[in-house]
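Asks: Please find one structure pasted underneath; my questions will follow.
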Amino acid sequence: MNPAESAAICQEFLDSVYTIPHGEKIKECIQCGTCSASCPSSAAMEYGPREIIASLRAGMLDKVLSSNTVWLCVSCYSCTVRCPAAIPFTDVMYELKRIQTEKKVSKDTGPTVMAKSFVAVVDKYGRNHETELLRKYFFQTNPFDGIRNIPLALRLIYRKRFHLRPRKIKGLTALKKMMSAIDNHRKEQP
Ligand code: SF4
Ligand code: SF4
C-alpha cells in the first residue's frame, strides 16, 4: 500500500469510527494501556489495543490492517468497560474488521479464514454448523490438519456435540431480509 492509499484508508476509518456512538472519544486516549492489559487476546496480537490507537495517531494504520490482529479480538468488551476515557474499543475493532474485509488489504490467514467461514455458515443456516465450518476452515488452511482431527470429530459426533446435518433456524428468510436491509442501510450512509 502506498502512503497516499494508507492515508486515505486511515481517514476513511476515522470518519467511520466517529459515526459510532462515542466514537469521537478515540481522540481522548491517554495511552494508559489498561485495554491491552485487560485483553485476553493481546499476547497473541501483533498490535495490542493501545498500540492500535497509537498507530492510528501516527498514521500507520496500514500496519495494523495488514496483520491478523483484529481477527483475534473475541469481542469480550473488557477493554471497553475498563477504559478510563470511555472509548468503545470493541466497536473500533469491528470497524477495523469491516474496513480490512472491504479493502482486502491483507492475505487471508487462519483467524480471517475462520471468521469468514463462520459468517458464511451463519448466513446459510441462520446458526453455526460446526462440521461445515471446520470443513471450510481446514480446506482453506491445512487439509492435513483436518484429516488428523477426524478422530476428535467422530468423538464429538458420538457425543452429539457435532451434527452431520445442518439445522436451519425457523424464519431464515426473514432473517436474511433483515440482514440485507441492514447492509443496504449501511451502504447508503455517507
Ligand atoms: S484503556 Fe482507553 S485510554 Fe487507556 S490506552 Fe486503552 S483506549 Fe487508551
Ligand atoms: S473486546 Fe477484543 S480488543 Fe477488547 S479486550 Fe476483548 S478481545 Fe481484546
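Residues in the C-alpha cells are numbered from 1 in each chain, the chains being A, B, ... in the order shown, and ligands are numbered from 1 in the order shown.
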Run DSSP on the backbone and tell me which residues of chain A come out as alpha helix (DSSP H); list them as a ChimeraX atom specification.
Replies: /A:3-19,34-38,49-57,61-65,78-82,89-103,110-125,130-140,143-148,150-158,172-188
Asks: What residues have any atom no more than 8 Å from ligand 2 when counting only C-alpha atoms and all ligand atoms, and can you list them as a PyMOL selection string?
Replies: chain A and resi 35-36+38-42+48-49+70+72-80+89-90+93
Asks: For N, CA and C atoms, I'd like the residues from the last selection saved as an mmCIF file, in the first residue's frame.
Replies:
```cif
data_model
loop_
_atom_site.group_PDB
_atom_site.id
_atom_site.type_symbol
_atom_site.label_atom_id
_atom_site.label_comp_id
_atom_site.auth_asym_id
_atom_site.auth_seq_id
_atom_site.Cartn_x
_atom_site.Cartn_y
_atom_site.Cartn_z
ATOM 1 N N CYS A 35 -6.466 -1.166 28.350
ATOM 2 C CA CYS A 35 -7.133 -2.039 27.365
ATOM 3 C C CYS A 35 -6.249 -3.243 27.027
ATOM 4 N N SER A 36 -4.972 -2.985 26.748
ATOM 5 C CA SER A 36 -4.076 -4.088 26.381
ATOM 6 C C SER A 36 -3.892 -5.046 27.552
ATOM 7 N N SER A 38 -6.027 -5.687 29.837
ATOM 8 C CA SER A 38 -7.280 -6.411 30.106
ATOM 9 C C SER A 38 -7.629 -7.397 29.000
ATOM 10 N N CYS A 39 -6.998 -7.248 27.855
ATOM 11 C CA CYS A 39 -7.399 -8.025 26.674
ATOM 12 C C CYS A 39 -6.891 -9.471 26.753
ATOM 13 N N PRO A 40 -7.793 -10.463 26.696
ATOM 14 C CA PRO A 40 -7.347 -11.855 26.783
ATOM 15 C C PRO A 40 -6.577 -12.312 25.547
ATOM 16 N N SER A 41 -6.680 -11.549 24.450
ATOM 17 C CA SER A 41 -6.014 -11.961 23.201
ATOM 18 C C SER A 41 -4.757 -11.159 22.905
ATOM 19 N N SER A 42 -4.445 -10.143 23.715
ATOM 20 C CA SER A 42 -3.364 -9.225 23.316
ATOM 21 C C SER A 42 -2.013 -9.930 23.177
ATOM 22 N N GLY A 48 -1.387 -4.698 20.130
ATOM 23 C CA GLY A 48 -2.438 -4.710 21.148
ATOM 24 C C GLY A 48 -3.334 -3.489 20.977
ATOM 25 N N PRO A 49 -4.441 -3.435 21.732
ATOM 26 C CA PRO A 49 -5.376 -2.308 21.601
ATOM 27 C C PRO A 49 -4.701 -0.935 21.761
ATOM 28 N N VAL A 70 -6.775 -7.807 14.256
ATOM 29 C CA VAL A 70 -8.184 -7.540 14.560
ATOM 30 C C VAL A 70 -9.011 -8.825 14.638
ATOM 31 N N LEU A 72 -8.222 -11.501 16.018
ATOM 32 C CA LEU A 72 -8.027 -12.212 17.282
ATOM 33 C C LEU A 72 -8.880 -11.609 18.398
ATOM 34 N N CYS A 73 -9.549 -10.508 18.100
ATOM 35 C CA CYS A 73 -10.462 -9.910 19.081
ATOM 36 C C CYS A 73 -11.671 -10.818 19.232
ATOM 37 N N VAL A 74 -11.985 -11.181 20.482
ATOM 38 C CA VAL A 74 -13.109 -12.098 20.719
ATOM 39 C C VAL A 74 -14.350 -11.358 21.225
ATOM 40 N N SER A 75 -14.328 -10.022 21.090
ATOM 41 C CA SER A 75 -15.485 -9.188 21.464
ATOM 42 C C SER A 75 -15.917 -9.400 22.911
ATOM 43 N N CYS A 76 -14.955 -9.475 23.813
ATOM 44 C CA CYS A 76 -15.306 -9.704 25.225
ATOM 45 C C CYS A 76 -15.679 -8.405 25.943
ATOM 46 N N TYR A 77 -15.360 -7.263 25.335
ATOM 47 C CA TYR A 77 -15.691 -5.928 25.871
ATOM 48 C C TYR A 77 -14.891 -5.529 27.111
ATOM 49 N N SER A 78 -13.867 -6.316 27.509
ATOM 50 C CA SER A 78 -13.068 -5.926 28.688
ATOM 51 C C SER A 78 -12.436 -4.559 28.481
ATOM 52 N N CYS A 79 -11.880 -4.328 27.279
ATOM 53 C CA CYS A 79 -11.228 -3.040 27.003
ATOM 54 C C CYS A 79 -12.229 -1.899 27.125
ATOM 55 N N THR A 80 -13.427 -2.125 26.605
ATOM 56 C CA THR A 80 -14.446 -1.065 26.598
ATOM 57 C C THR A 80 -14.893 -0.715 28.017
ATOM 58 N N PHE A 89 -13.761 0.618 22.477
ATOM 59 C CA PHE A 89 -12.724 -0.009 21.645
ATOM 60 C C PHE A 89 -13.203 -1.272 20.919
ATOM 61 N N THR A 90 -14.136 -2.002 21.513
ATOM 62 C CA THR A 90 -14.643 -3.213 20.830
ATOM 63 C C THR A 90 -15.287 -2.813 19.502
ATOM 64 N N MET A 93 -12.758 -2.143 16.947
ATOM 65 C CA MET A 93 -12.278 -3.399 16.358
ATOM 66 C C MET A 93 -13.231 -3.876 15.253
#
```
Asks: Figure out the distance between atom CA of Cys10 of chain A and atom CA of Leu61 of chain A, please, to one decimal in Å.
Replies: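 Separating atom CA of Leu61 of chain A from atom CA of Cys10 of chain A is a distance of 6.0 Å.
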Asks: Could you produce a table of the residues of chain A lying within 6 Å of ligand 1, with the nearest pair of atoms per residue and their separation in Å rounded to one decimal, using only C-alpha atoms and all ligand atoms, ordered by chain and increasing residue number, as a Markdown table?
Replies:
```
| residue | atom | partner | partner_atom_place_in_ligand_line | distance |
| --- | --- | --- | --- | --- |
| A:Cys29 | CA | ligand 1 | 8 (Fe) | 3.8 |
| A:Ile30 | CA | ligand 1 | 3 (S) | 4.5 |
| A:Gln31 | CA | ligand 1 | 5 (S) | 3.6 |
| A:Cys32 | CA | ligand 1 | 4 (Fe) | 4.0 |
| A:Gly33 | CA | ligand 1 | 5 (S) | 4.0 |
| A:Thr34 | CA | ligand 1 | 1 (S) | 4.1 |
| A:Cys35 | CA | ligand 1 | 1 (S) | 4.1 |
| A:Arg50 | CA | ligand 1 | 5 (S) | 4.5 |
| A:Cys83 | CA | ligand 1 | 1 (S) | 3.8 |
| A:Pro84 | CA | ligand 1 | 3 (S) | 5.6 |
| A:Ala85 | CA | ligand 1 | 3 (S) | 4.9 |
| A:Ile87 | CA | ligand 1 | 2 (Fe) | 5.7 |
```
Asks: Write the selection just made, keeping C-alpha atoms, as a PDB file, in the first residue's frame?
Replies:
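The resulting out-v4.pdb:
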```pdb
ATOM      1  CA  CYS A  29      -6.969   8.077  24.593  1.00  0.00           C
ATOM      2  CA  ILE A  30      -4.309   8.673  27.261  1.00  0.00           C
ATOM      3  CA  GLN A  31      -2.252   5.624  26.246  1.00  0.00           C
ATOM      4  CA  CYS A  32      -2.590   4.128  29.730  1.00  0.00           C
ATOM      5  CA  GLY A  33      -2.559   0.560  28.380  1.00  0.00           C
ATOM      6  CA  THR A  34      -5.487  -0.657  30.520  1.00  0.00           C
ATOM      7  CA  CYS A  35      -7.133  -2.039  27.365  1.00  0.00           C
ATOM      8  CA  ARG A  50      -3.199   0.543  22.963  1.00  0.00           C
ATOM      9  CA  CYS A  83     -11.113   2.200  29.554  1.00  0.00           C
ATOM     10  CA  PRO A  84     -10.846   5.331  31.748  1.00  0.00           C
ATOM     11  CA  ALA A  85     -11.578   7.503  28.699  1.00  0.00           C
ATOM     12  CA  ILE A  87     -13.528   4.645  24.402  1.00  0.00           C
TER      13      ILE A  87
END
```
Asks: Using atom CA of His163 of chain A and atom CA of Thr131 of chain A as the two end points, give the distance in Å to one decimal.
Replies: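 Computing it gives 6.8 Å between the two atoms.
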Asks: Which is closest to Asn149 of chain A among A:Gly110, A:Leu96, A:Arg135, A:His129, if we use only C-alpha atoms?
Replies: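 Answer, going by the shortest atom-to-atom distance: A:Arg135.
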Asks: Between A:Arg82, A:Lys177, A:His22, A:Lys103, which has the minimum distance to Ser66 of chain A (counting only C-alpha atoms)?
Replies: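 Result for the nearest residue to Ser66 of chain A: A:Lys103.
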Asks: What is the distance, in Å and to one decimal place, between atom CA of Phe13 of chain A and atom CA of Arg98 of chain A?
Replies: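 Separating atom CA of Phe13 of chain A from atom CA of Arg98 of chain A is a distance of 9.6 Å.
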Asks: Contacts of Gln140 of chain A at 12 Å or less, counting only C-alpha atoms, minus same-chain residues fewer than 3 places along, as number ranges by chain?
Replies: A: 108-114, 116-117, 133-137, 143-146
Asks: For segment 185-189 of chain A, find every residue with an atom within 10 Å (counting only C-alpha atoms), except residues of its own chain fewer than 4 positions away, and show them as an MDAnalysis selection string.
Replies: chainID A and resid 16 19 179:181
Asks: Residues of the last selection are to be written out with N, CA and C atoms, as a short mmCIF file (atom, residue, chain, number, x, y, z; two decimals), in the first residue's frame.
Replies:
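Wrote it out as selection08.cif, contents follow:
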```cif
data_model
loop_
_atom_site.label_atom_id
_atom_site.label_comp_id
_atom_site.auth_asym_id
_atom_site.auth_seq_id
_atom_site.Cartn_x
_atom_site.Cartn_y
_atom_site.Cartn_z
N SER A 16 -15.45 6.73 9.84
CA SER A 16 -16.46 5.74 10.22
C SER A 16 -16.49 5.54 11.73
N THR A 19 -18.68 7.98 13.52
CA THR A 19 -20.14 7.81 13.38
C THR A 19 -20.70 6.81 14.41
N MET A 179 -31.04 -8.86 7.44
CA MET A 179 -29.60 -8.62 7.28
C MET A 179 -29.32 -7.83 6.00
N SER A 180 -30.07 -8.15 4.96
CA SER A 180 -29.88 -7.44 3.70
C SER A 180 -30.29 -5.97 3.85
N ALA A 181 -31.39 -5.71 4.59
CA ALA A 181 -31.83 -4.33 4.82
C ALA A 181 -30.78 -3.55 5.61
#
```
Asks: Can you work out which one of A:Trp71, A:Asp183, A:Arg127, A:Val119 has the shortest atom-to-atom distance to Gly171 of chain A, counting only C-alpha atoms?
Replies: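 Result for the nearest residue to Gly171 of chain A: A:Arg127.
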